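Structure, as structure tokens:
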Amino acid sequence: MRLTIIGPRSIGKTSVARILSKKLKLKHIESDKLIDRELKNYGGLEKCWREQKNRLIMQTGIKTCKKLASKDNIILDLAAGSITSKWEEINKKNIMLIKNNSIVIGLLPFPEEYKSEEILYKREIKRPHFNCIKKIKLKNKIKKDYRRIKKKLLRISDILIYTRSSNPESIANELKKKICLLNGAK
């Protein structure tokens with residue numbers, strides 16, 4: 001079994017994936033950590049992000065997804081930027097890779113966009129790499145990014161969960177039930 005958990009920054013992908021991997025006895029893989037290792041010669045993922053080497057990050061992400069496509073018994077937590085970048089050809093490749101090789105689990109905060117944007121802003125403002133961005137610019141970035149992410153996740157997710165500020169354990173339990181139902185149907 002291969003699962004890909006994808007959602008906006010600060011939604012709790014890593015926490016949910018960690019808990020779910022234990023419940024399903026699967027290996028948890030964080031795409032950001034793998035990409036960071038691959039970008040070591042460039043100073044790592046964080047430095048590349050600060051220096052806006054986005055295309056390099058995206059191309060490295062595709063290589064990482066390709067490597068993982070053949071691995072079994074994994075849960076990959078994947079940043080939503082891997083399917084919503086400004087390079088549509090890269091987005092399409094990543095979407096194809098995860099759709100053809102895994103069950104895609106989308107995590108979104110709430111059905112209502114304004115609630116989702118509000119909670120993501122409250123979480124993002126605390127992240128160190130957003131210290132240099134003015135609050136209004138960050139709010140606008142979250143709004144723009146979130147709407148793009150939501151549109152894609154509604155289209156590609158095999159399972160979609162609105163986390164509604166639930167704790168990661170509850171979300172993992174809900175996912176486990178849905179995955180079992182989905183696997184029973186296949």
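Residues are named by chain letter and number: chains run A, B, ... in the order of the structure tokens, numbers start at 1 in each chain, and ligands are numbered from 1 in the order shown.
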
Near Tyr42 of chain A, within 12 Å and counting only C-alpha atoms, which residues show up once chain neighbours fewer than 5 positions away are dropped, as a compact mmCIF listing (two decimals) with all heavy atoms, in the first residue's frame?
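Once everything was written out, this is result27.txt:
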# COMPACT_ATOMS: atom_id res chain seq x y z
N ILE A 35 13.90 15.98 0.14
CA ILE A 35 14.29 17.07 -0.76
C ILE A 35 15.43 17.88 -0.15
O ILE A 35 16.37 18.27 -0.84
CB ILE A 35 13.07 17.94 -1.12
CG1 ILE A 35 12.08 17.12 -1.96
CG2 ILE A 35 13.49 19.21 -1.85
CD1 ILE A 35 10.73 17.77 -2.14
N ASP A 36 15.35 18.10 1.16
CA ASP A 36 16.41 18.83 1.86
C ASP A 36 17.75 18.13 1.67
O ASP A 36 18.77 18.76 1.38
CB ASP A 36 16.06 18.96 3.35
CG ASP A 36 17.06 19.83 4.10
OD1 ASP A 36 17.29 20.98 3.68
OD2 ASP A 36 17.61 19.35 5.10
N ARG A 37 17.75 16.79 1.81
CA ARG A 37 18.99 16.02 1.62
C ARG A 37 19.50 16.14 0.18
O ARG A 37 20.69 16.29 -0.06
CB ARG A 37 18.75 14.54 1.95
CG ARG A 37 19.15 14.21 3.36
CD ARG A 37 19.06 12.72 3.63
NE ARG A 37 17.89 12.56 4.48
CZ ARG A 37 17.02 11.58 4.41
NH1 ARG A 37 17.17 10.61 3.57
NH2 ARG A 37 15.99 11.53 5.22
N LYS A 47 17.31 27.09 2.59
CA LYS A 47 18.11 28.12 1.90
C LYS A 47 17.60 28.31 0.46
O LYS A 47 17.48 29.44 -0.01
CB LYS A 47 19.58 27.74 1.90
CG LYS A 47 20.45 28.82 1.28
CD LYS A 47 21.92 28.52 1.38
CE LYS A 47 22.68 29.71 0.80
NZ LYS A 47 24.02 29.37 0.44
N CYS A 48 17.32 27.23 -0.21
CA CYS A 48 16.80 27.33 -1.58
C CYS A 48 15.46 28.07 -1.59
O CYS A 48 15.20 28.88 -2.48
CB CYS A 48 16.64 25.94 -2.21
SG CYS A 48 18.20 25.16 -2.62
N TRP A 49 14.63 27.81 -0.59
CA TRP A 49 13.34 28.49 -0.50
C TRP A 49 13.55 29.99 -0.28
O TRP A 49 12.93 30.82 -0.96
CB TRP A 49 12.51 27.88 0.64
CG TRP A 49 11.10 28.35 0.64
CD1 TRP A 49 10.05 27.82 -0.07
CD2 TRP A 49 10.55 29.44 1.38
NE1 TRP A 49 8.91 28.52 0.19
CE2 TRP A 49 9.18 29.53 1.07
CE3 TRP A 49 11.09 30.37 2.26
CZ2 TRP A 49 8.35 30.49 1.62
CZ3 TRP A 49 10.25 31.33 2.82
CH2 TRP A 49 8.90 31.38 2.49
N ARG A 50 14.45 30.35 0.64
CA ARG A 50 14.73 31.77 0.91
C ARG A 50 15.31 32.48 -0.31
O ARG A 50 15.03 33.64 -0.56
CB ARG A 50 15.70 31.92 2.08
CG ARG A 50 15.04 31.86 3.44
CD ARG A 50 15.95 32.35 4.57
NE ARG A 50 17.33 31.89 4.49
CZ ARG A 50 17.79 30.75 5.00
NH1 ARG A 50 16.97 29.95 5.64
NH2 ARG A 50 19.05 30.40 4.86
N GLU A 51 16.12 31.74 -1.07
CA GLU A 51 16.75 32.32 -2.27
C GLU A 51 15.85 32.19 -3.51
O GLU A 51 16.28 32.48 -4.62
CB GLU A 51 18.10 31.67 -2.51
CG GLU A 51 19.11 32.02 -1.43
CD GLU A 51 20.44 31.31 -1.60
OE1 GLU A 51 20.61 30.52 -2.56
OE2 GLU A 51 21.33 31.56 -0.76
N GLN A 52 14.66 31.71 -3.31
CA GLN A 52 13.64 31.57 -4.36
C GLN A 52 14.11 30.71 -5.54
O GLN A 52 13.87 31.03 -6.69
CB GLN A 52 13.15 32.94 -4.82
CG GLN A 52 12.50 33.71 -3.69
CD GLN A 52 11.92 35.04 -4.12
OE1 GLN A 52 12.06 35.46 -5.25
NE2 GLN A 52 11.24 35.68 -3.19
N LYS A 53 14.77 29.61 -5.20
CA LYS A 53 15.18 28.64 -6.22
C LYS A 53 14.05 27.61 -6.38
O LYS A 53 14.26 26.40 -6.25
CB LYS A 53 16.49 27.97 -5.80
CG LYS A 53 17.66 28.92 -5.77
CD LYS A 53 18.94 28.22 -5.36
CE LYS A 53 20.10 29.20 -5.35
NZ LYS A 53 21.33 28.58 -4.85
N LEU A 56 14.26 24.69 -9.02
CA LEU A 56 15.18 23.65 -8.56
C LEU A 56 14.49 22.77 -7.51
O LEU A 56 14.60 21.54 -7.56
CB LEU A 56 16.45 24.28 -7.97
CG LEU A 56 17.45 23.32 -7.32
CD1 LEU A 56 18.01 22.33 -8.34
CD2 LEU A 56 18.57 24.10 -6.64
N ILE A 57 13.78 23.39 -6.60
CA ILE A 57 13.04 22.64 -5.57
C ILE A 57 12.02 21.72 -6.23
O ILE A 57 11.92 20.54 -5.89
CB ILE A 57 12.36 23.59 -4.56
CG1 ILE A 57 13.41 24.36 -3.75
CG2 ILE A 57 11.42 22.82 -3.64
CD1 ILE A 57 12.84 25.53 -2.95
N THR A 60 13.63 18.80 -8.08
CA THR A 60 14.12 17.84 -7.09
C THR A 60 12.95 17.05 -6.51
O THR A 60 13.07 15.84 -6.28
CB THR A 60 14.89 18.57 -5.96
OG1 THR A 60 15.94 19.35 -6.57
CG2 THR A 60 15.49 17.61 -4.97

>> Residues near segment 134-150 of chain A, anyone? I mean within 7 Å using only C-alpha atoms, not counting same-chain ones fewer than 2 positions away, as a VMD selection string.
In response: chain A and resid 8 80 84 117 121 132 152 to 154

> Which of segment 24-144 of chain A counts as strand (DSSP E or B) under DSSP, as a list in words please?
Replying inline: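 DSSP on the backbone gives strand (DSSP E or B) at Lys27, His28, Ile29, Glu30, Ile74, Ile75, Leu76, Asp77, Leu78, Ala79, Ile103, Val104, Ile105, Gly106, Leu107 and Leu108 of chain A.
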
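Compared by their closest atoms to Gly12 of chain A, and using only C-alpha atoms, the residues A:Ser85, A:Ser170, A:Asn41, A:Gln59 rank with A:Ser170 nearest.
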
> Any idea what's packed within 8 Å of Lys92 of chain A, counting only C-alpha atoms, ignoring anything in its chain fewer than 4 positions away? Could you give it as a ChimeraX atom specification?
Replying inline: /A:83,88,96

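Among the candidates A:Ser165, A:Ser21, A:Ser31, A:Ser157, the one nearest to Arg123 of chain A when counting only C-alpha atoms is A:Ser165.
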
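The gap separating atom CA of Ile133 of chain A from atom CA of Glu118 of chain A is 16.7 Å, in Å to one decimal.
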
> Smallest atom-to-atom distance to Ile103 of chain A: which of A:Asn167, A:Asn173, A:Asn73, A:Ser116, using only C-alpha atoms?
Replying inline: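 Answer, going by the shortest atom-to-atom distance: A:Asn73.
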
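Comparing A:Leu175, A:Leu45, A:Leu160, A:Val16 by their smallest distance to Pro111 of chain A, the closest is A:Leu160 (using only C-alpha atoms).
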
> Got a sec: who's within 7 Å of Ile19 of chain A, counting only C-alpha atoms, leaving out chain neighbours fewer than 4 positions off, as a VMD selection string?
Replying inline: chain A and resid 15 23 169 172

> Could you write out, as a VMD selection string, all the residues of chain A that DSSP marks as helix (DSSP H, G or I)?
Replying inline: chain A and resid 13 to 24 31 to 38 40 to 42 45 to 50 54 to 68 81 to 84 88 to 101 113 to 124 128 to 130 135 to 156 168 to 185

>> Here is a test: counting only C-alpha atoms, which residue of A:Leu120, A:Leu78, A:Ile62, A:Val104 is nearest to Met1 of chain A?
In response: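 The closest residue to Met1 of chain A is A:Val104.
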
>> If I take atom CA of Lys86 of chain A and atom CA of Gly7 of chain A, how far is one from the other in Å, to one decimal?
In response: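 Going from atom CA of Lys86 of chain A over to atom CA of Gly7 of chain A covers 16.9 Å.
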